[in-house]
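Pasting coords20.cif here (mmCIF, C-alpha atoms):
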```cif
data_entry
#
loop_
_atom_site.group_PDB
_atom_site.id
_atom_site.type_symbol
_atom_site.label_atom_id
_atom_site.label_comp_id
_atom_site.auth_asym_id
_atom_site.auth_seq_id
_atom_site.Cartn_x
_atom_site.Cartn_y
_atom_site.Cartn_z
ATOM 1 C CA MET B 1 5.713 15.983 -26.926
ATOM 2 C CA HIS B 2 6.435 16.981 -23.319
ATOM 3 C CA GLU B 3 9.841 16.688 -21.706
ATOM 4 C CA LEU B 4 10.245 15.161 -18.281
ATOM 5 C CA SER B 5 9.890 17.765 -15.523
ATOM 6 C CA TRP B 6 12.175 17.842 -12.481
ATOM 7 C CA ILE B 7 10.898 19.155 -9.164
ATOM 8 C CA ASP B 8 12.313 19.936 -5.750
ATOM 9 C CA ASP B 9 10.619 19.905 -2.366
ATOM 10 C CA THR B 10 9.160 23.397 -2.835
ATOM 11 C CA ALA B 11 7.642 22.942 -6.288
ATOM 12 C CA ALA B 12 4.107 21.771 -6.933
ATOM 13 C CA LEU B 13 3.542 18.743 -9.112
ATOM 14 C CA PRO B 14 3.041 19.601 -12.799
ATOM 15 C CA SER B 15 -0.349 19.243 -14.442
ATOM 16 C CA THR B 16 -1.065 15.598 -15.275
ATOM 17 C CA GLY B 17 -1.455 16.634 -18.900
ATOM 18 C CA ARG B 18 2.323 16.983 -19.001
ATOM 19 C CA ALA B 19 2.929 13.278 -18.410
ATOM 20 C CA LEU B 20 4.943 11.455 -21.041
ATOM 21 C CA GLY B 21 2.768 9.969 -23.744
ATOM 22 C CA PRO B 22 2.332 6.478 -25.214
ATOM 23 C CA ASP B 23 5.018 7.055 -27.843
ATOM 24 C CA THR B 24 7.744 7.433 -25.194
ATOM 25 C CA ALA B 25 9.847 4.953 -23.240
ATOM 26 C CA ALA B 26 7.987 5.750 -19.998
ATOM 27 C CA PRO B 27 4.326 6.512 -20.758
ATOM 28 C CA GLY B 28 2.562 8.037 -17.757
ATOM 29 C CA LEU B 29 5.738 9.379 -16.125
ATOM 30 C CA LEU B 30 4.922 12.901 -14.928
ATOM 31 C CA CYS B 31 8.036 14.162 -13.180
ATOM 32 C CA ALA B 32 11.046 13.224 -11.077
ATOM 33 C CA GLY B 33 12.672 14.520 -7.934
ATOM 34 C CA GLY B 34 11.873 15.769 -4.471
ATOM 35 C CA ARG B 35 11.527 13.511 -1.493
ATOM 36 C CA LEU B 36 8.768 11.326 -0.169
ATOM 37 C CA CYS B 37 6.790 12.817 2.699
ATOM 38 C CA THR B 38 3.159 12.654 3.717
ATOM 39 C CA GLN B 39 2.424 16.177 2.477
ATOM 40 C CA ARG B 40 3.720 15.349 -0.998
ATOM 41 C CA LEU B 41 1.866 12.051 -1.038
ATOM 42 C CA GLU B 42 -1.387 13.810 -0.112
ATOM 43 C CA GLU B 43 -0.890 16.284 -2.964
ATOM 44 C CA ALA B 44 -0.022 13.521 -5.398
ATOM 45 C CA TYR B 45 -2.911 11.174 -4.662
ATOM 46 C CA ARG B 46 -5.435 13.982 -4.810
ATOM 47 C CA HIS B 47 -4.311 14.492 -8.412
ATOM 48 C CA GLY B 48 -4.188 10.796 -9.296
ATOM 49 C CA VAL B 49 -0.386 10.661 -9.102
ATOM 50 C CA PHE B 50 1.686 8.031 -7.294
ATOM 51 C CA PRO B 51 5.406 7.299 -6.734
ATOM 52 C CA TRP B 52 7.073 4.281 -8.320
ATOM 53 C CA TYR B 53 10.811 3.888 -8.642
ATOM 54 C CA SER B 54 13.681 1.518 -7.901
ATOM 55 C CA HIS B 55 16.888 1.544 -5.883
ATOM 56 C CA GLY B 56 19.326 4.168 -7.159
ATOM 57 C CA GLN B 57 16.658 6.222 -8.952
ATOM 58 C CA PRO B 58 15.197 9.579 -7.954
ATOM 59 C CA VAL B 59 11.558 9.613 -6.860
ATOM 60 C CA LEU B 60 9.495 9.104 -10.021
ATOM 61 C CA TRP B 61 5.880 10.295 -10.110
ATOM 62 C CA TRP B 62 3.368 8.554 -12.408
ATOM 63 C CA THR B 63 -0.128 9.122 -13.768
ATOM 64 C CA PRO B 64 -0.906 6.365 -16.311
ATOM 65 C CA ASP B 65 -3.355 6.745 -19.157
ATOM 66 C CA PRO B 66 -5.335 4.527 -19.237
ATOM 67 C CA ARG B 67 -5.730 3.823 -15.525
ATOM 68 C CA MET B 68 -6.515 0.390 -14.102
ATOM 69 C CA VAL B 69 -9.423 0.488 -11.653
ATOM 70 C CA LEU B 70 -11.738 -1.981 -9.955
ATOM 71 C CA PRO B 71 -15.362 -0.789 -9.848
ATOM 72 C CA VAL B 72 -16.529 -2.558 -6.709
ATOM 73 C CA ALA B 73 -19.932 -3.313 -8.240
ATOM 74 C CA GLU B 74 -18.136 -5.338 -10.941
ATOM 75 C CA PHE B 75 -16.024 -7.443 -8.564
ATOM 76 C CA ARG B 76 -16.258 -11.101 -9.495
ATOM 77 C CA VAL B 77 -15.205 -14.256 -7.719
ATOM 78 C CA ALA B 78 -14.181 -17.402 -9.585
ATOM 79 C CA ARG B 79 -15.966 -20.586 -8.511
ATOM 80 C CA SER B 80 -12.857 -22.185 -7.004
ATOM 81 C CA PHE B 81 -11.987 -19.090 -4.971
ATOM 82 C CA GLY B 82 -15.629 -18.765 -3.940
ATOM 83 C CA LYS B 83 -15.361 -22.139 -2.218
ATOM 84 C CA THR B 84 -12.221 -21.019 -0.393
ATOM 85 C CA LEU B 85 -13.849 -17.753 0.653
ATOM 86 C CA ARG B 86 -16.979 -19.463 1.989
ATOM 87 C CA LYS B 87 -14.830 -21.907 3.940
ATOM 88 C CA PHE B 88 -12.868 -19.014 5.443
ATOM 89 C CA ILE B 89 -16.029 -17.135 6.416
ATOM 90 C CA ALA B 90 -17.514 -20.226 8.049
ATOM 91 C CA SER B 91 -14.384 -20.885 10.061
ATOM 92 C CA ASP B 92 -13.759 -19.986 13.674
ATOM 93 C CA ASP B 93 -9.999 -19.793 12.978
ATOM 94 C CA GLY B 94 -9.984 -17.133 10.254
ATOM 95 C CA GLU B 95 -10.746 -13.428 10.533
ATOM 96 C CA ILE B 96 -10.243 -10.131 8.761
ATOM 97 C CA ARG B 97 -8.573 -7.292 10.626
ATOM 98 C CA ILE B 98 -8.061 -3.717 9.472
ATOM 99 C CA ASP B 99 -4.977 -1.758 10.552
ATOM 100 C CA HIS B 100 -4.038 -4.315 13.197
ATOM 101 C CA ASP B 101 -0.456 -4.715 11.951
ATOM 102 C CA ALA B 102 -0.112 -2.234 9.081
ATOM 103 C CA TYR B 103 3.651 -1.836 9.442
ATOM 104 C CA ARG B 104 4.118 -5.567 9.023
ATOM 105 C CA VAL B 105 1.809 -5.663 6.005
ATOM 106 C CA ILE B 106 3.679 -2.846 4.291
ATOM 107 C CA GLY B 107 6.989 -4.538 5.076
ATOM 108 C CA ALA B 108 5.766 -7.850 3.697
ATOM 109 C CA CYS B 109 4.510 -6.196 0.515
ATOM 110 C CA ALA B 110 7.948 -4.635 0.094
ATOM 111 C CA GLN B 111 9.335 -8.136 -0.435
ATOM 112 C CA VAL B 112 6.963 -8.883 -3.337
ATOM 113 C CA PRO B 113 8.103 -8.084 -6.924
ATOM 114 C CA ARG B 114 5.663 -6.175 -9.128
ATOM 115 C CA ASP B 115 4.436 -8.116 -12.179
ATOM 116 C CA GLY B 116 7.167 -8.319 -14.811
ATOM 117 C CA GLN B 117 9.961 -7.223 -12.477
ATOM 118 C CA ASN B 118 12.683 -9.219 -10.764
ATOM 119 C CA GLY B 119 13.062 -7.122 -7.608
ATOM 120 C CA THR B 120 10.887 -5.251 -5.180
ATOM 121 C CA TRP B 121 9.521 -1.835 -6.174
ATOM 122 C CA ILE B 122 8.745 -0.692 -2.610
ATOM 123 C CA VAL B 123 12.080 0.768 -1.578
ATOM 124 C CA PRO B 124 12.879 1.579 2.086
ATOM 125 C CA ALA B 125 12.001 5.271 1.668
ATOM 126 C CA MET B 126 8.528 4.255 0.475
ATOM 127 C CA VAL B 127 8.072 1.913 3.425
ATOM 128 C CA ARG B 128 8.909 4.746 5.829
ATOM 129 C CA ALA B 129 6.672 7.254 4.045
ATOM 130 C CA TYR B 130 3.611 5.005 3.919
ATOM 131 C CA CYS B 131 4.097 3.953 7.540
ATOM 132 C CA ASP B 132 4.175 7.652 8.466
ATOM 133 C CA TRP B 133 1.039 8.200 6.400
ATOM 134 C CA HIS B 134 -0.605 5.296 8.201
ATOM 135 C CA ASP B 135 0.130 7.067 11.491
ATOM 136 C CA GLU B 136 -1.805 10.042 10.090
ATOM 137 C CA GLY B 137 -4.819 7.862 9.261
ATOM 138 C CA ARG B 138 -4.489 7.767 5.481
ATOM 139 C CA VAL B 139 -2.952 4.326 4.843
ATOM 140 C CA HIS B 140 -4.974 1.251 5.782
ATOM 141 C CA SER B 141 -4.208 -2.455 5.795
ATOM 142 C CA PHE B 142 -6.699 -5.266 5.226
ATOM 143 C CA GLU B 143 -5.325 -8.376 6.838
ATOM 144 C CA THR B 144 -6.202 -12.074 6.639
ATOM 145 C CA TRP B 145 -5.495 -13.870 9.916
ATOM 146 C CA VAL B 146 -5.591 -17.654 10.346
ATOM 147 C CA ASP B 147 -5.049 -19.438 13.659
ATOM 148 C CA GLY B 148 -4.016 -16.145 15.211
ATOM 149 C CA GLU B 149 -1.267 -15.575 12.628
ATOM 150 C CA LEU B 150 -1.049 -13.055 9.803
ATOM 151 C CA ALA B 151 -1.500 -15.018 6.567
ATOM 152 C CA GLY B 152 -1.647 -12.266 3.949
ATOM 153 C CA GLY B 153 -3.134 -8.927 3.166
ATOM 154 C CA LEU B 154 -2.937 -5.649 1.319
ATOM 155 C CA TYR B 155 -2.559 -1.961 1.987
ATOM 156 C CA GLY B 156 -3.717 1.209 0.307
ATOM 157 C CA VAL B 157 -4.701 4.826 0.737
ATOM 158 C CA GLY B 158 -8.132 6.057 1.790
ATOM 159 C CA ILE B 159 -9.150 9.642 0.969
ATOM 160 C CA GLY B 160 -12.806 10.619 1.101
ATOM 161 C CA ARG B 161 -14.834 7.970 -0.720
ATOM 162 C CA MET B 162 -11.873 6.681 -2.700
ATOM 163 C CA PHE B 163 -9.466 3.832 -2.039
ATOM 164 C CA PHE B 164 -6.121 3.604 -3.819
ATOM 165 C CA GLY B 165 -4.783 0.068 -3.731
ATOM 166 C CA GLU B 166 -1.019 -0.247 -3.378
ATOM 167 C CA SER B 167 0.213 -3.806 -2.917
ATOM 168 C CA MET B 168 -0.691 -7.220 -1.542
ATOM 169 C CA PHE B 169 1.082 -10.334 -0.301
ATOM 170 C CA SER B 170 0.313 -13.906 0.737
ATOM 171 C CA TRP B 171 2.052 -16.202 3.157
ATOM 172 C CA ARG B 172 -0.755 -18.765 2.724
ATOM 173 C CA THR B 173 -2.632 -19.689 -0.426
ATOM 174 C CA ASP B 174 -5.363 -17.180 -1.365
ATOM 175 C CA ALA B 175 -4.832 -15.041 1.756
ATOM 176 C CA SER B 176 -4.355 -11.837 -0.252
ATOM 177 C CA LYS B 177 -7.412 -12.656 -2.373
ATOM 178 C CA ILE B 178 -9.487 -12.989 0.799
ATOM 179 C CA ALA B 179 -8.214 -9.595 1.963
ATOM 180 C CA LEU B 180 -9.169 -8.088 -1.417
ATOM 181 C CA ALA B 181 -12.671 -9.547 -1.152
ATOM 182 C CA ALA B 182 -12.966 -8.039 2.336
ATOM 183 C CA LEU B 183 -11.829 -4.661 0.996
ATOM 184 C CA VAL B 184 -14.512 -4.794 -1.702
ATOM 185 C CA ALA B 185 -17.178 -5.689 0.873
ATOM 186 C CA PHE B 186 -16.022 -2.807 3.101
ATOM 187 C CA CYS B 187 -16.070 -0.384 0.161
ATOM 188 C CA ARG B 188 -19.576 -1.404 -0.883
ATOM 189 C CA ALA B 189 -20.834 -0.897 2.657
ATOM 190 C CA HIS B 190 -19.277 2.585 2.908
ATOM 191 C CA GLY B 191 -20.146 4.049 -0.474
ATOM 192 C CA ILE B 192 -16.677 3.663 -2.016
ATOM 193 C CA THR B 193 -17.434 2.721 -5.608
ATOM 194 C CA MET B 194 -13.953 2.404 -7.099
ATOM 195 C CA ILE B 195 -10.555 1.010 -6.087
ATOM 196 C CA ASP B 196 -7.522 2.355 -7.919
ATOM 197 C CA CYS B 197 -5.252 -0.419 -9.195
ATOM 198 C CA GLN B 198 -2.776 1.913 -10.945
ATOM 199 C CA GLN B 199 -1.582 -0.351 -13.755
ATOM 200 C CA HIS B 200 -2.934 -3.327 -15.664
ATOM 201 C CA THR B 201 -2.286 -6.818 -14.331
ATOM 202 C CA ARG B 202 -3.975 -10.035 -15.403
ATOM 203 C CA HIS B 203 -4.428 -10.955 -11.751
ATOM 204 C CA LEU B 204 -6.578 -7.902 -10.983
ATOM 205 C CA ALA B 205 -8.374 -8.134 -14.325
ATOM 206 C CA SER B 206 -9.548 -11.605 -13.303
ATOM 207 C CA PHE B 207 -11.461 -9.961 -10.436
ATOM 208 C CA GLY B 208 -13.175 -7.423 -12.701
ATOM 209 C CA ALA B 209 -10.624 -4.609 -12.809
ATOM 210 C CA ARG B 210 -10.434 -2.720 -16.112
ATOM 211 C CA GLU B 211 -8.812 0.292 -17.701
ATOM 212 C CA ILE B 212 -10.431 3.714 -17.990
ATOM 213 C CA ALA B 213 -9.166 6.981 -19.467
ATOM 214 C CA ARG B 214 -7.103 9.206 -17.194
ATOM 215 C CA GLY B 215 -9.633 12.007 -17.629
ATOM 216 C CA ASP B 216 -12.487 9.776 -16.424
ATOM 217 C CA PHE B 217 -10.390 8.723 -13.444
ATOM 218 C CA GLU B 218 -9.610 12.325 -12.517
ATOM 219 C CA ARG B 219 -13.286 13.286 -12.785
ATOM 220 C CA HIS B 220 -14.121 10.448 -10.410
ATOM 221 C CA LEU B 221 -11.550 11.804 -7.957
ATOM 222 C CA GLU B 222 -13.125 15.262 -8.154
ATOM 223 C CA ARG B 223 -16.475 13.759 -7.138
ATOM 224 C CA THR B 224 -15.247 11.561 -4.313
ATOM 225 C CA LEU B 225 -12.117 12.875 -2.588
ATOM 226 C CA ASN B 226 -13.897 15.585 -0.602
ATOM 227 C CA GLU B 227 -16.759 13.372 0.542
ATOM 228 C CA ALA B 228 -16.844 12.166 4.147
ATOM 229 C CA GLN B 229 -14.626 9.135 4.629
ATOM 230 C CA PRO B 230 -15.689 6.103 6.701
ATOM 231 C CA ARG B 231 -15.734 6.975 10.386
ATOM 232 C CA ARG B 232 -14.307 3.670 11.534
ATOM 233 C CA TRP B 233 -11.979 1.369 9.661
ATOM 234 C CA THR B 234 -13.068 -1.889 11.236
ATOM 235 C CA TYR B 235 -14.307 -5.143 9.771
ATOM 236 C CA HIS B 236 -17.358 -7.060 10.939
ATOM 237 C CA ARG B 237 -18.438 -10.473 9.699
ATOM 238 C CA ALA B 238 -21.765 -9.033 8.593
ATOM 239 C CA LEU B 239 -19.968 -7.141 5.819
ATOM 240 C CA TRP B 240 -19.591 -10.392 3.867
ATOM 241 C CA ALA B 241 -23.258 -9.997 2.985
ATOM 242 C CA GLN B 242 -22.143 -7.211 0.630
ATOM 243 C CA LEU B 243 -20.758 -9.988 -1.574
ATOM 244 C CA GLY B 244 -23.847 -12.135 -1.216
ATOM 245 C CA LEU B 245 -22.062 -14.438 1.202
ATOM 246 C CA SER B 246 -23.477 -15.804 4.425
ATOM 247 C CA ALA B 247 -21.994 -14.627 7.700
ATOM 248 C CA GLU B 248 -23.375 -17.473 9.770
ATOM 249 C CA PRO B 249 -21.632 -18.260 13.094
ATOM 250 C CA ALA B 250 -18.380 -20.163 12.836
ATOM 251 C CA ARG B 251 -18.740 -23.899 12.212
ATOM 252 C CA LYS B 252 -15.430 -25.432 11.212
ATOM 253 C CA ALA B 253 -11.719 -24.786 10.947
ATOM 254 C CA VAL B 254 -10.145 -23.157 7.915
ATOM 255 C CA SER B 255 -7.305 -24.587 5.877
ATOM 256 C CA LEU B 256 -5.567 -22.213 3.483
#
```
Please render this file's structure as structure tokens.
Amino acid sequence: MHELSWIDDTAALPSTGRALGPDTAAPGLLCAGGRLCTQRLEEAYRHGVFPWYSHGQPVLWWTPDPRMVLPVAEFRVARSFGKTLRKFIASDDGEIRIDHDAYRVIGACAQVPRDGQNGTWIVPAMVRAYCDWHDEGRVHSFETWVDGELAGGLYGVGIGRMFFGESMFSWRTDASKIALAALVAFCRAHGITMIDCQQHTRHLASFGAREIARGDFERHLERTLNEAQPRRWTYHRALWAQLGLSAEPARKAVSL
């Protein structure tokens, strides 16, 4: 059984094989320490590692086994949400924007507790680090706008042909789900076949996300991270066709 490794800002991350196992109190925990910066985040994500910690804790670095992922070809939409999505697409008051207000999206997500927790898991240092990484073109937000107002969205990390989902929020019913559907459509159109979901949640499982072995996840990263990433992170109505949905001209107002 491996012991938890501690690192400083000069040390490389340990091999993911050194993560704590399923018989420990923190399965998937790889190491602790150092500070959050874009260089460390780039190193971490390229190895399938991400930070997750709470107020008063050191930076904790995780690599779960199994890993929750959403293969975009397996994305599914429940009938009730399908009606909402079609209504949104047909509306002249709703639109999807990418990276229009990423700082605000990240800040809003920081107010949302992770499943099974009472408080937020996106501490201020994480907000600053991911905003900095957005400035460098790595972090992207998918945003649902209604009547000219931000209604919900999500953010994540794009490297090569891989998207690592981080968090989502809604200020109107189903707004984050609409943003997720838009992300899937964008990924299908740009050859991104998998979205990392990090850890199992029933919410994501309802859309087709499932667990795979850490080794399979890392092999997928090896194949995709060095491929050319999308040239432009923009959303066009025609992308809804990737989900088999009509992108006819706007006809009526949306109500979320």
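For the file shown, the residue list from the PyMOL selection byres ((chain B and resi 183-196) around 6) reads Val69, Leu70, Pro71, Val72, Arg161, Met162, Phe163, Phe164, Gly165, Leu180, Ala181, Ala182, Cys197, Gln198, Leu239 and Gln242 of chain B.
For the file shown, the residue list from the PyMOL selection byres ((chain B and resi 209-226) around 6) reads B:Asp65, B:Pro66, B:Arg67, B:Met68, B:Val69, B:Leu70, B:Ile159, B:Gly160, B:Arg161, B:Leu204, B:Ala205, B:Phe207, B:Gly208, B:Glu227.
Reported to one decimal place, the separation of atom CA of B:Gly152 from atom CA of B:Lys83 is 18.0 Å.
In terms of minimum interatomic distance to B:Ala179, B:Thr144 ranks closest within B:Gln199, B:Thr144, B:Thr16, B:Ser206, counting only C-alpha atoms.
The space between atom CA of B:Val123 and atom CA of B:Ala11 spans 23.1 Å.
Remark: residues at most 8 Å from position (6.2, 11.2, -4.1) in file coordinates are Gly34, Arg35, Leu36, Cys37, Arg40, Leu41, Ala44, Phe50, Pro51, Val59, Leu60 and Trp61 of chain B, using only C-alpha atoms.
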Just-selected residues, C-alpha atoms written as a compact mmCIF listing (two decimals), keeping the file's coordinate frame:
```
# COMPACT_ATOMS: atom_id res chain seq x y z
CA GLY B 34 11.87 15.77 -4.47
CA ARG B 35 11.53 13.51 -1.49
CA LEU B 36 8.77 11.33 -0.17
CA CYS B 37 6.79 12.82 2.70
CA ARG B 40 3.72 15.35 -1.00
CA LEU B 41 1.87 12.05 -1.04
CA ALA B 44 -0.02 13.52 -5.40
CA PHE B 50 1.69 8.03 -7.29
CA PRO B 51 5.41 7.30 -6.73
CA VAL B 59 11.56 9.61 -6.86
CA LEU B 60 9.49 9.10 -10.02
CA TRP B 61 5.88 10.30 -10.11
```
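Atom pair atom CA of B:Ala108 / atom CA of B:His140: separated by 14.2 Å.
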inquiry  = Evaluate the PyMOL selection byres ((chain B and resi 145) around 12) against this structure - the residues, as a ChimeraX atom specification, please.
reply    = /B:88-89,91-98,100-101,105,142-144,146-153,170-172,174-176,178-179,254-256
